[in-house]
$ cat model-v9.txt   # compact mmCIF, N, CA and C atoms
# COMPACT_ATOMS: atom_id res chain seq x y z
N MET A 1 10.32 -25.25 -7.00
CA MET A 1 8.97 -25.08 -6.48
C MET A 1 9.05 -24.25 -5.19
N SER A 2 8.34 -23.15 -5.15
CA SER A 2 8.36 -22.31 -3.95
C SER A 2 7.22 -22.71 -3.02
N SER A 3 7.47 -22.52 -1.75
CA SER A 3 6.45 -22.86 -0.78
C SER A 3 5.53 -21.66 -0.55
N ALA A 4 4.40 -21.92 0.03
CA ALA A 4 3.45 -20.85 0.33
C ALA A 4 4.05 -19.91 1.37
N PRO A 5 3.73 -18.64 1.29
CA PRO A 5 4.26 -17.71 2.29
C PRO A 5 3.70 -18.03 3.68
N ARG A 6 4.50 -17.74 4.69
CA ARG A 6 4.06 -17.95 6.08
C ARG A 6 2.89 -17.04 6.41
N ALA A 7 2.86 -15.88 5.76
CA ALA A 7 1.76 -14.93 5.96
C ALA A 7 1.79 -13.95 4.79
N THR A 8 0.64 -13.36 4.52
CA THR A 8 0.53 -12.33 3.50
C THR A 8 0.12 -11.04 4.19
N ILE A 9 0.92 -10.02 4.00
CA ILE A 9 0.65 -8.70 4.58
C ILE A 9 0.18 -7.80 3.44
N THR A 10 -0.98 -7.19 3.62
CA THR A 10 -1.53 -6.30 2.60
C THR A 10 -1.67 -4.90 3.17
N PHE A 11 -0.98 -3.95 2.53
CA PHE A 11 -1.12 -2.55 2.92
C PHE A 11 -2.33 -1.97 2.22
N HIS A 12 -3.19 -1.30 2.97
CA HIS A 12 -4.35 -0.60 2.43
C HIS A 12 -3.90 0.85 2.23
N LEU A 13 -3.58 1.18 0.99
CA LEU A 13 -2.91 2.45 0.71
C LEU A 13 -3.68 3.70 1.13
N PRO A 14 -5.00 3.76 0.99
CA PRO A 14 -5.68 4.98 1.46
C PRO A 14 -5.47 5.21 2.97
N GLN A 15 -5.58 4.16 3.76
CA GLN A 15 -5.39 4.30 5.20
C GLN A 15 -3.92 4.55 5.54
N HIS A 16 -3.02 3.86 4.85
CA HIS A 16 -1.60 4.05 5.12
C HIS A 16 -1.20 5.51 4.86
N ARG A 17 -1.66 6.04 3.75
CA ARG A 17 -1.33 7.42 3.39
C ARG A 17 -1.89 8.39 4.43
N GLU A 18 -3.14 8.18 4.81
CA GLU A 18 -3.77 9.09 5.78
C GLU A 18 -3.04 9.08 7.12
N VAL A 19 -2.71 7.90 7.61
CA VAL A 19 -2.00 7.80 8.89
C VAL A 19 -0.60 8.40 8.79
N ALA A 20 0.12 8.07 7.72
CA ALA A 20 1.46 8.61 7.55
C ALA A 20 1.45 10.13 7.47
N LEU A 21 0.50 10.69 6.75
CA LEU A 21 0.45 12.15 6.62
C LEU A 21 -0.06 12.82 7.89
N THR A 22 -0.87 12.14 8.65
CA THR A 22 -1.32 12.69 9.93
C THR A 22 -0.14 12.87 10.87
N ILE A 23 0.77 11.90 10.84
CA ILE A 23 1.97 11.98 11.69
C ILE A 23 2.75 13.25 11.36
N GLU A 24 2.77 13.62 10.10
CA GLU A 24 3.52 14.80 9.65
C GLU A 24 2.62 16.04 9.49
N HIS A 25 1.44 16.00 10.07
CA HIS A 25 0.50 17.13 10.06
C HIS A 25 0.14 17.60 8.66
N HIS A 26 0.11 16.68 7.73
CA HIS A 26 -0.28 16.97 6.34
C HIS A 26 0.48 18.14 5.73
N GLN A 27 1.73 18.33 6.14
CA GLN A 27 2.54 19.38 5.55
C GLN A 27 2.75 19.10 4.06
N ARG A 28 2.77 20.14 3.27
CA ARG A 28 2.92 19.99 1.82
C ARG A 28 4.16 19.17 1.47
N VAL A 29 5.27 19.42 2.13
CA VAL A 29 6.50 18.68 1.85
C VAL A 29 6.32 17.20 2.19
N ALA A 30 5.56 16.90 3.22
CA ALA A 30 5.31 15.50 3.59
C ALA A 30 4.45 14.81 2.53
N VAL A 31 3.44 15.50 2.04
CA VAL A 31 2.58 14.93 0.99
C VAL A 31 3.43 14.59 -0.23
N GLU A 32 4.28 15.50 -0.65
CA GLU A 32 5.13 15.27 -1.81
C GLU A 32 6.12 14.13 -1.55
N ALA A 33 6.72 14.12 -0.36
CA ALA A 33 7.68 13.06 -0.03
C ALA A 33 7.00 11.69 0.00
N TYR A 34 5.82 11.63 0.59
CA TYR A 34 5.09 10.36 0.64
C TYR A 34 4.78 9.89 -0.78
N ASP A 35 4.17 10.74 -1.56
CA ASP A 35 3.76 10.36 -2.91
C ASP A 35 4.95 9.97 -3.79
N ASP A 36 6.09 10.65 -3.60
CA ASP A 36 7.27 10.36 -4.39
C ASP A 36 7.97 9.06 -3.98
N ASN A 37 7.75 8.60 -2.74
CA ASN A 37 8.53 7.49 -2.20
C ASN A 37 7.75 6.23 -1.86
N ILE A 38 6.43 6.25 -1.88
CA ILE A 38 5.67 5.10 -1.42
C ILE A 38 5.94 3.85 -2.24
N SER A 39 6.06 3.97 -3.54
CA SER A 39 6.31 2.78 -4.37
C SER A 39 7.64 2.12 -4.02
N ALA A 40 8.68 2.92 -3.89
CA ALA A 40 10.00 2.37 -3.54
C ALA A 40 9.99 1.79 -2.13
N TYR A 41 9.29 2.44 -1.23
CA TYR A 41 9.19 1.93 0.15
C TYR A 41 8.52 0.57 0.17
N LEU A 42 7.44 0.42 -0.58
CA LEU A 42 6.75 -0.87 -0.62
C LEU A 42 7.62 -1.94 -1.27
N ARG A 43 8.40 -1.58 -2.29
CA ARG A 43 9.33 -2.54 -2.89
C ARG A 43 10.38 -2.98 -1.86
N PHE A 44 10.87 -2.02 -1.08
CA PHE A 44 11.82 -2.34 -0.01
C PHE A 44 11.20 -3.35 0.96
N LEU A 45 10.01 -3.03 1.45
CA LEU A 45 9.35 -3.93 2.40
C LEU A 45 9.07 -5.30 1.79
N GLU A 46 8.70 -5.31 0.52
CA GLU A 46 8.43 -6.57 -0.16
C GLU A 46 9.69 -7.45 -0.18
N GLY A 47 10.83 -6.85 -0.47
CA GLY A 47 12.08 -7.59 -0.47
C GLY A 47 12.45 -8.12 0.90
N GLU A 48 12.27 -7.27 1.91
CA GLU A 48 12.56 -7.69 3.28
C GLU A 48 11.61 -8.80 3.72
N ALA A 49 10.35 -8.69 3.36
CA ALA A 49 9.36 -9.70 3.72
C ALA A 49 9.70 -11.04 3.07
N ARG A 50 10.08 -11.00 1.82
CA ARG A 50 10.41 -12.22 1.10
C ARG A 50 11.56 -12.97 1.78
N LYS A 51 12.53 -12.23 2.33
CA LYS A 51 13.67 -12.85 3.01
C LYS A 51 13.26 -13.72 4.18
N VAL A 52 12.13 -13.38 4.82
CA VAL A 52 11.69 -14.13 6.01
C VAL A 52 10.45 -14.96 5.74
N GLY A 53 10.09 -15.09 4.47
CA GLY A 53 8.99 -15.99 4.12
C GLY A 53 7.61 -15.38 4.11
N TYR A 54 7.52 -14.06 4.05
CA TYR A 54 6.23 -13.39 3.98
C TYR A 54 6.01 -12.84 2.58
N GLU A 55 4.77 -12.67 2.23
CA GLU A 55 4.41 -12.00 1.00
C GLU A 55 3.84 -10.64 1.38
N LEU A 56 4.22 -9.61 0.65
CA LEU A 56 3.70 -8.27 0.93
C LEU A 56 3.10 -7.73 -0.34
N ASN A 57 1.90 -7.19 -0.23
CA ASN A 57 1.28 -6.53 -1.37
C ASN A 57 0.50 -5.33 -0.88
N SER A 58 -0.10 -4.63 -1.82
CA SER A 58 -0.85 -3.43 -1.45
C SER A 58 -2.12 -3.38 -2.28
N THR A 59 -3.05 -2.60 -1.79
CA THR A 59 -4.31 -2.42 -2.49
C THR A 59 -4.75 -0.97 -2.35
N ALA A 60 -5.41 -0.49 -3.39
CA ALA A 60 -5.98 0.85 -3.34
C ALA A 60 -7.36 0.83 -2.71
N ALA A 61 -7.84 -0.37 -2.39
CA ALA A 61 -9.15 -0.50 -1.75
C ALA A 61 -9.06 -0.08 -0.28
N ASP A 62 -10.13 0.51 0.19
CA ASP A 62 -10.19 0.87 1.60
C ASP A 62 -10.16 -0.38 2.46
N GLY A 63 -9.57 -0.24 3.61
CA GLY A 63 -9.54 -1.32 4.58
C GLY A 63 -9.88 -0.76 5.94
N ALA A 64 -10.04 -1.64 6.88
CA ALA A 64 -10.38 -1.22 8.24
C ALA A 64 -9.15 -0.67 8.97
N SER A 65 -7.96 -0.99 8.46
CA SER A 65 -6.73 -0.54 9.10
C SER A 65 -5.67 -0.26 8.03
N VAL A 66 -4.50 0.13 8.48
CA VAL A 66 -3.39 0.45 7.57
C VAL A 66 -2.95 -0.79 6.81
N TYR A 67 -2.98 -1.93 7.48
CA TYR A 67 -2.61 -3.18 6.82
C TYR A 67 -3.42 -4.32 7.42
N SER A 68 -3.46 -5.42 6.69
CA SER A 68 -4.09 -6.63 7.20
C SER A 68 -3.12 -7.78 6.97
N ILE A 69 -3.25 -8.80 7.79
CA ILE A 69 -2.37 -9.97 7.70
C ILE A 69 -3.23 -11.21 7.59
N ASP A 70 -2.91 -12.01 6.59
CA ASP A 70 -3.59 -13.29 6.40
C ASP A 70 -2.58 -14.39 6.66
N ALA A 71 -2.88 -15.27 7.60
CA ALA A 71 -1.98 -16.38 7.93
C ALA A 71 -2.82 -17.57 8.36
N ALA A 72 -2.23 -18.74 8.24
CA ALA A 72 -2.94 -19.98 8.55
C ALA A 72 -3.27 -20.13 10.03
N THR A 73 -2.43 -19.56 10.89
CA THR A 73 -2.67 -19.67 12.33
C THR A 73 -2.52 -18.30 13.00
N HIS A 74 -3.07 -18.21 14.17
CA HIS A 74 -2.95 -16.97 14.94
C HIS A 74 -1.49 -16.67 15.27
N ASP A 75 -0.72 -17.70 15.62
CA ASP A 75 0.69 -17.50 15.95
C ASP A 75 1.47 -16.96 14.75
N LEU A 76 1.19 -17.46 13.54
CA LEU A 76 1.85 -16.94 12.35
C LEU A 76 1.46 -15.49 12.09
N LYS A 77 0.22 -15.17 12.35
CA LYS A 77 -0.26 -13.79 12.18
C LYS A 77 0.45 -12.86 13.16
N ILE A 78 0.57 -13.28 14.40
CA ILE A 78 1.27 -12.48 15.41
C ILE A 78 2.74 -12.31 15.02
N ALA A 79 3.37 -13.38 14.55
CA ALA A 79 4.78 -13.30 14.13
C ALA A 79 4.95 -12.30 12.99
N ALA A 80 4.05 -12.31 12.02
CA ALA A 80 4.13 -11.36 10.91
C ALA A 80 3.93 -9.93 11.42
N HIS A 81 3.01 -9.74 12.33
CA HIS A 81 2.78 -8.42 12.92
C HIS A 81 4.03 -7.95 13.66
N ASP A 82 4.62 -8.85 14.44
CA ASP A 82 5.83 -8.49 15.19
C ASP A 82 6.98 -8.14 14.24
N TRP A 83 7.11 -8.90 13.14
CA TRP A 83 8.15 -8.60 12.16
C TRP A 83 7.92 -7.22 11.56
N LEU A 84 6.68 -6.94 11.18
CA LEU A 84 6.37 -5.65 10.56
C LEU A 84 6.69 -4.50 11.52
N ASP A 85 6.48 -4.71 12.80
CA ASP A 85 6.80 -3.68 13.80
C ASP A 85 8.30 -3.38 13.87
N THR A 86 9.13 -4.31 13.40
CA THR A 86 10.58 -4.07 13.43
C THR A 86 11.07 -3.31 12.20
N GLN A 87 10.21 -3.12 11.22
CA GLN A 87 10.60 -2.45 9.98
C GLN A 87 10.43 -0.94 10.12
N PRO A 88 11.28 -0.17 9.41
CA PRO A 88 11.14 1.29 9.49
C PRO A 88 9.83 1.74 8.83
N ASP A 89 9.23 2.78 9.40
CA ASP A 89 8.08 3.36 8.71
C ASP A 89 8.62 4.19 7.55
N ILE A 90 7.73 4.68 6.73
CA ILE A 90 8.18 5.40 5.53
C ILE A 90 9.05 6.60 5.89
N TRP A 91 8.74 7.29 6.99
CA TRP A 91 9.50 8.50 7.35
C TRP A 91 10.91 8.16 7.80
N ASN A 92 11.08 7.02 8.44
CA ASN A 92 12.42 6.60 8.86
C ASN A 92 13.19 5.91 7.75
N TRP A 93 12.48 5.48 6.71
CA TRP A 93 13.10 4.80 5.59
C TRP A 93 13.61 5.78 4.53
N ILE A 94 12.88 6.84 4.27
CA ILE A 94 13.27 7.79 3.22
C ILE A 94 14.67 8.31 3.50
N PRO A 95 15.57 8.16 2.50
CA PRO A 95 16.95 8.63 2.71
C PRO A 95 17.04 10.12 2.90

$ encode --input "model-v9.txt" --output "structure tokens"
Amino acid sequence: MSSAPRATITFHLPQHREVALTIEHHQRVAVEAYDDNISAYLRFLEGEARKVGYELNSTAADGASVYSIDAATHDLKIAAHDWLDTQPDIWNWIP
């Protein structure tokens, strides 16, 4: 029996893509690299999140930000945010 995740992190893919590509000035090579690698990057983050008791998922629905965090308490939400800040962004993750 598995326990409930400490927090659920949901990436809002339209916003994530826009922010990631803005960092790279929407260069054609960046667009291709993002599109070719986003699925693997999210699988990587999902595995890392699972190791520390978080659930990670994504949605194609628009959101107010790049990601949202759902947790039972404010402290758990802050902890999930802090953990996410320690993870590489897609540009630092792509081999």

$ atom_distance --input "model-v9.txt" --atom1 "atom C of Tyr67 (chain A)" --atom2 "CA of Arg50 (chain A)"
17.1 Å

$ atom_distance --input "model-v9.txt" --atom1 "atom C of His12 (chain A)" --atom2 "atom C of Val66 (chain A)"
5.0 Å

$ closest_residue --input "model-v9.txt" --among "A:Ile78, A:His26, A:Gln15, A:Leu56" --to "Tyr41 (chain A)" --atoms "only C-alpha atoms"
A:Leu56

$ residues_around --input "model-v9.txt" --residues "Tyr54 (chain A)" --least-positions-apart "6" --cutoff "6.5 Å" --atoms "only N, CA and C atoms" --output "PDB file with N, CA and C atoms, in the frame of the given file"
ATOM      1  N   PRO A   5       3.730 -18.640   1.290  1.00  0.00           N
ATOM      2  CA  PRO A   5       4.260 -17.710   2.290  1.00  0.00           C
ATOM      3  C   PRO A   5       3.700 -18.030   3.680  1.00  0.00           C
ATOM      4  N   ARG A   6       4.500 -17.740   4.690  1.00  0.00           N
ATOM      5  CA  ARG A   6       4.060 -17.950   6.080  1.00  0.00           C
ATOM      6  C   ARG A   6       2.890 -17.040   6.410  1.00  0.00           C
ATOM      7  N   ALA A   7       2.860 -15.880   5.760  1.00  0.00           N
ATOM      8  CA  ALA A   7       1.760 -14.930   5.960  1.00  0.00           C
ATOM      9  C   ALA A   7       1.790 -13.950   4.790  1.00  0.00           C
ATOM     10  N   THR A   8       0.640 -13.360   4.520  1.00  0.00           N
ATOM     11  CA  THR A   8       0.530 -12.330   3.500  1.00  0.00           C
ATOM     12  C   THR A   8       0.120 -11.040   4.190  1.00  0.00           C
ATOM     13  N   ILE A   9       0.920 -10.020   4.000  1.00  0.00           N
ATOM     14  CA  ILE A   9       0.650  -8.700   4.580  1.00  0.00           C
ATOM     15  C   ILE A   9       0.180  -7.800   3.440  1.00  0.00           C
TER      16      ILE A   9
END

$ atom_distance --input "model-v9.txt" --atom1 "CA of Ala80 (chain A)" --atom2 "CA of Ala40 (chain A)"
20.8 Å

$ closest_residue --input "model-v9.txt" --among "A:Asn92, A:Asn57, A:Thr73, A:Gln27" --to "Leu13 (chain A)" --atoms "only C-alpha atoms"
A:Asn57

$ select_by_dssp --input "model-v9.txt" --residues "region 41-88 of chain A" --states "helix (DSSP H, G or I)" --output "ChimeraX atom specification"
/A:41-51,74-85

$ residues_around --input "model-v9.txt" --residues "Ala33 (chain A)" --least-positions-apart "2" --cutoff "12 Å" --atoms "only C-alpha atoms" --output "VMD selection string"
chain A and resid 17 20 to 21 24 26 to 31 35 to 41 90 to 95

$ select_by_dssp --input "model-v9.txt" --residues "region 37-89 of chain A" --states "strand (DSSP E)" --output "count of residues only"
11

$ closest_residue --input "model-v9.txt" --among "A:Gly47, A:Leu42, A:Phe11, A:Glu32" --to "Thr59 (chain A)" --atoms "only N, CA and C atoms"
A:Phe11

$ closest_residue --input "model-v9.txt" --among "A:Ile23, A:Thr10, A:Glu18, A:Ser58" --to "His81 (chain A)" --atoms "only C-alpha atoms"
A:Thr10

$ closest_residue --input "model-v9.txt" --among "A:Ala4, A:Thr22, A:Ala72, A:Trp83" --to "Glu55 (chain A)" --atoms "all atoms listed in the file"
A:Ala4

$ decode --input "model-v9.txt" --residues "region 21-33 of chain A" --atoms "all heavy atoms" --output "tab-separated table (two decimals), in the first residue's frame"
chain	number	residue	atom	x	y	z
A	21	LEU	N	11.38	28.87	-23.73
A	21	LEU	CA	11.81	29.39	-25.03
A	21	LEU	C	12.15	30.87	-24.96
A	21	LEU	O	13.02	31.33	-25.71
A	21	LEU	CB	10.76	29.11	-26.09
A	21	LEU	CG	10.58	27.62	-26.41
A	21	LEU	CD1	9.45	27.44	-27.42
A	21	LEU	CD2	11.87	26.99	-26.90
A	22	THR	N	11.53	31.60	-24.08
A	22	THR	CA	11.88	33.01	-23.89
A	22	THR	C	13.32	33.14	-23.41
A	22	THR	O	14.06	34.02	-23.86
A	22	THR	CB	10.92	33.69	-22.90
A	22	THR	OG1	9.60	33.63	-23.46
A	22	THR	CG2	11.29	35.14	-22.65
A	23	ILE	N	13.72	32.24	-22.52
A	23	ILE	CA	15.10	32.24	-22.02
A	23	ILE	C	16.08	32.10	-23.17
A	23	ILE	O	17.15	32.70	-23.17
A	23	ILE	CB	15.29	31.11	-20.99
A	23	ILE	CG1	14.49	31.41	-19.72
A	23	ILE	CG2	16.76	30.88	-20.66
A	23	ILE	CD1	14.37	30.25	-18.75
A	24	GLU	N	15.71	31.31	-24.16
A	24	GLU	CA	16.59	31.05	-25.31
A	24	GLU	C	16.22	31.92	-26.52
A	24	GLU	O	16.62	31.62	-27.64
A	24	GLU	CB	16.52	29.57	-25.69
A	24	GLU	CG	17.07	28.65	-24.61
A	24	GLU	CD	18.54	28.89	-24.33
A	24	GLU	OE1	19.32	29.05	-25.30
A	24	GLU	OE2	18.92	28.89	-23.14
A	25	HIS	N	15.46	32.97	-26.30
A	25	HIS	CA	15.08	33.93	-27.35
A	25	HIS	C	14.38	33.28	-28.53
A	25	HIS	O	14.52	33.74	-29.67
A	25	HIS	CB	16.30	34.72	-27.82
A	25	HIS	CG	17.06	35.34	-26.69
A	25	HIS	ND1	16.55	36.38	-25.94
A	25	HIS	CD2	18.26	35.02	-26.15
A	25	HIS	CE1	17.42	36.69	-25.00
A	25	HIS	NE2	18.46	35.90	-25.09
A	26	HIS	N	13.64	32.23	-28.27
A	26	HIS	CA	12.85	31.54	-29.29
A	26	HIS	C	13.66	31.15	-30.53
A	26	HIS	O	13.15	31.11	-31.64
A	26	HIS	CB	11.63	32.37	-29.70
A	26	HIS	CG	10.59	32.44	-28.63
A	26	HIS	ND1	9.60	31.51	-28.51
A	26	HIS	CD2	10.41	33.31	-27.60
A	26	HIS	CE1	8.84	31.81	-27.48
A	26	HIS	NE2	9.31	32.89	-26.90
A	27	GLN	N	14.94	30.86	-30.33
A	27	GLN	CA	15.77	30.41	-31.44
A	27	GLN	C	15.22	29.09	-31.99
A	27	GLN	O	14.77	28.24	-31.24
A	27	GLN	CB	17.21	30.20	-30.98
A	27	GLN	CG	17.89	31.45	-30.47
A	27	GLN	CD	19.24	31.11	-29.89
A	27	GLN	OE1	19.96	30.28	-30.42
A	27	GLN	NE2	19.57	31.76	-28.79
A	28	ARG	N	15.30	28.92	-33.28
A	28	ARG	CA	14.78	27.70	-33.92
A	28	ARG	C	15.37	26.45	-33.29
A	28	ARG	O	14.66	25.48	-33.01
A	28	ARG	CB	15.05	27.74	-35.42
A	28	ARG	CG	14.52	26.52	-36.14
A	28	ARG	CD	14.81	26.61	-37.64
A	28	ARG	NE	14.45	25.40	-38.31
A	28	ARG	CZ	13.30	25.19	-38.92
A	28	ARG	NH1	12.39	26.16	-38.95
A	28	ARG	NH2	13.04	24.05	-39.51
A	29	VAL	N	16.66	26.44	-33.04
A	29	VAL	CA	17.30	25.27	-32.44
A	29	VAL	C	16.75	25.01	-31.04
A	29	VAL	O	16.60	23.86	-30.63
A	29	VAL	CB	18.84	25.40	-32.45
A	29	VAL	CG1	19.32	26.50	-31.52
A	29	VAL	CG2	19.49	24.07	-32.12
A	30	ALA	N	16.43	26.06	-30.31
A	30	ALA	CA	15.86	25.90	-28.97
A	30	ALA	C	14.46	25.30	-29.04
A	30	ALA	O	14.11	24.43	-28.24
A	30	ALA	CB	15.83	27.24	-28.24
A	31	VAL	N	13.67	25.76	-29.98
A	31	VAL	CA	12.31	25.22	-30.16
A	31	VAL	C	12.40	23.73	-30.44
A	31	VAL	O	11.69	22.92	-29.83
A	31	VAL	CB	11.57	25.95	-31.30
A	31	VAL	CG1	10.26	25.26	-31.64
A	31	VAL	CG2	11.32	27.41	-30.92
A	32	GLU	N	13.27	23.33	-31.35
A	32	GLU	CA	13.42	21.92	-31.68
A	32	GLU	C	13.93	21.12	-30.49
A	32	GLU	O	13.44	20.02	-30.21
A	32	GLU	CB	14.34	21.77	-32.88
A	32	GLU	CG	13.73	22.29	-34.17
A	32	GLU	CD	14.70	22.32	-35.34
A	32	GLU	OE1	15.85	21.85	-35.19
A	32	GLU	OE2	14.29	22.81	-36.41
A	33	ALA	N	14.92	21.67	-29.78
A	33	ALA	CA	15.47	20.96	-28.62
A	33	ALA	C	14.42	20.79	-27.52
A	33	ALA	O	14.31	19.72	-26.93
A	33	ALA	CB	16.68	21.73	-28.07
